[in-house]
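Worksheet: the structure to be examined is printed underneath.
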Amino acid sequence: MYNVSVSPHIRDKSSTTKIMADVCIALTPALAFGVWHFGWNALIIILSSVASCVLSEIIFELIIKKPLTVFDLSAVVTGLIIALNMPPTVAWWIPAIGGVFAIVVIKMLFGGIGQNIMNPALGARCFLLISFASRMTDFAVDGVSSATPLAALKAGESVDLPDMFLGLHNGCIGEVSVAAILIGFIYLLARKVISIRIPAIYIGSALLFIFLFNLGSGVPSLNYMAGQLLTGGLAAGAVFMATDYTTSPITKGGQIIYALLLGLLTAIFRVIGSSAEGVSYAIIIGNLCVPLIEKISVPKAFGMKKKEQV
């Protein structure tokens, strides 16, 4: 007996497990640099986050008597991305709570992988930012607190661009080093896990809108514009989060609209909003807009007639 579905019939060696394994490998340079730069507590945060996501998925599926899907590595990826967005000195139980929220509330209650309406890791980060605001914005290292480069830029100060590219400054564990993120980006492109379309348009449009929004107070300096690129979650968000298969459009036109929307929202949050950062909120709002974007961007099937005007 054969079950033959309608065309197109596409064969591909890729699988969810292989794709997720590639994402884990791509995330490794940024997270490894974070452990080297910030110390062992960063590693504890990573392990706590991943363990929480994996255990949450196993326990939830055992309770509702569903087949275990944890071996597809999607829960591991969620845990790594949560850890990437954590301050290096945060208590280990905070990312653990975030892992439970990401897997149970955002992923499993919506039907599991492929059904969630927003990126689980970013949804968890925003939940933690609301629930533990002071802890999630405390970037003190070795008892010394200093402003993040984005906060310094928003205050009108200049920043050290080489240090920002390498990651020798305060910030979240996996977001500080653009060099390490770039290594992961190149790997994902080489493995054809993602295309350059969403990251390039997102980053380019974010910088363009940031430039335009600042024209009212004069032409932004090169240090300011380069700082916006090299600090905060822009690079990490564009590479690892905005490209999520489930929560991004499938058509080229839809991806362009989506990336432009993310760039606009990020610029609004960074320049007009009270917070220096805005990538997480921009991507989540963009995720929620994906069904509408796809409705207007998916091409009509060949042979379909336009509705007659009454």
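Chain labels follow the order of the structure tokens: the first chain is A, the next B, and so on; residue numbering restarts at 1 in every chain, and ligands are counted from 1 in their shown order.
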Got a sec: who's within 12 Å of Cys289 (chain A), counting only C-alpha atoms, leaving out chain neighbours fewer than 6 positions off, as a PDB file with C-alpha atoms, in the first residue's frame?
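What ended up in part38.pdb:
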ATOM      1  CA  ILE A 117       3.171  31.472  17.639  1.00  0.00           C
ATOM      2  CA  MET A 118       6.372  33.105  18.871  1.00  0.00           C
ATOM      3  CA  THR A 247       7.904  31.908  13.474  1.00  0.00           C
ATOM      4  CA  SER A 248       9.211  33.507  10.265  1.00  0.00           C
ATOM      5  CA  PRO A 249       7.544  33.702   6.816  1.00  0.00           C
ATOM      6  CA  GLY A 254       7.128  37.722   3.224  1.00  0.00           C
ATOM      7  CA  GLN A 255      10.648  37.455   4.609  1.00  0.00           C
ATOM      8  CA  ILE A 257       8.398  42.473   4.781  1.00  0.00           C
ATOM      9  CA  TYR A 258       9.095  40.657   8.051  1.00  0.00           C
ATOM     10  CA  ALA A 259      12.740  41.767   8.207  1.00  0.00           C
ATOM     11  CA  LEU A 261       9.190  45.311  10.184  1.00  0.00           C
ATOM     12  CA  LEU A 262      11.782  43.998  12.654  1.00  0.00           C
ATOM     13  CA  ALA A 282      10.643  43.533  18.057  1.00  0.00           C
ATOM     14  CA  ILE A 283      11.038  39.877  17.074  1.00  0.00           C
ATOM     15  CA  LYS A 295      -1.659  36.108   3.946  1.00  0.00           C
ATOM     16  CA  ILE A 296      -0.623  39.051   1.776  1.00  0.00           C
TER      17      ILE A 296
END
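By chain and then residue number, the residues within 12 Å of Gly39 (chain A) are Leu31, Ala32, Phe33, Gly34, Val35, Trp36, Ala42, Leu43, Ile44, Ile45, Ile46, Pro87, Pro88, Thr89, Val141, Asp142 and Ile173 of chain A, counting only C-alpha atoms and disregarding those fewer than 3 positions away in sequence.
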Quiz item: To one decimal place, how far is CA of Cys126 (chain A) from CA of Asn85 (chain A) in Å?
Solution: 10.2 Å
Compile a residue-level contact table for region 223-253 of chain A against region 150-167 of chain A at a cut-off of 7 Å, reporting for every qualifying residue the shortest atom pair and its distance in Å to one decimal, with only C-alpha atoms counted, rows ordered by chain and ascending number, as a tab-separated table.
residue	atom	partner	partner_atom	distance
A:Asn223	CA	A:Ser158	CA	6.5
A:Tyr224	CA	A:Leu153	CA	6.4
A:Gly227	CA	A:Leu161	CA	6.6
A:Leu230	CA	A:Phe165	CA	5.8
A:Thr231	CA	A:Met164	CA	6.3
A:Gly232	CA	A:Leu150	CA	6.4
Quiz item: Skipping near chain neighbours, those fewer than 6 positions away, what residues fall within 9 Å of Ile113 (chain A) using only C-alpha atoms, listed as number ranges by chain?
Solution: A: 69, 74, 107, 246
Go ahead and save the picked residues with N, CA, C and O atoms, as a tab-separated table (two decimals), in the first residue's frame.
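result_9.tsv was written with the following content:
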chain	number	residue	atom	x	y	z
A	69	THR	N	9.59	13.87	22.25
A	69	THR	CA	10.18	14.54	21.08
A	69	THR	C	11.48	15.24	21.43
A	69	THR	O	12.03	15.97	20.61
A	74	SER	N	15.31	20.33	19.69
A	74	SER	CA	14.72	21.67	19.67
A	74	SER	C	14.68	22.27	21.07
A	74	SER	O	14.86	23.49	21.24
A	107	LYS	N	5.55	26.64	23.89
A	107	LYS	CA	5.72	25.59	22.89
A	107	LYS	C	4.67	24.48	23.01
A	107	LYS	O	3.88	24.27	22.09
A	246	THR	N	9.74	28.22	12.39
A	246	THR	CA	8.32	28.20	12.75
A	246	THR	C	7.72	29.60	12.77
A	246	THR	O	6.55	29.78	12.37
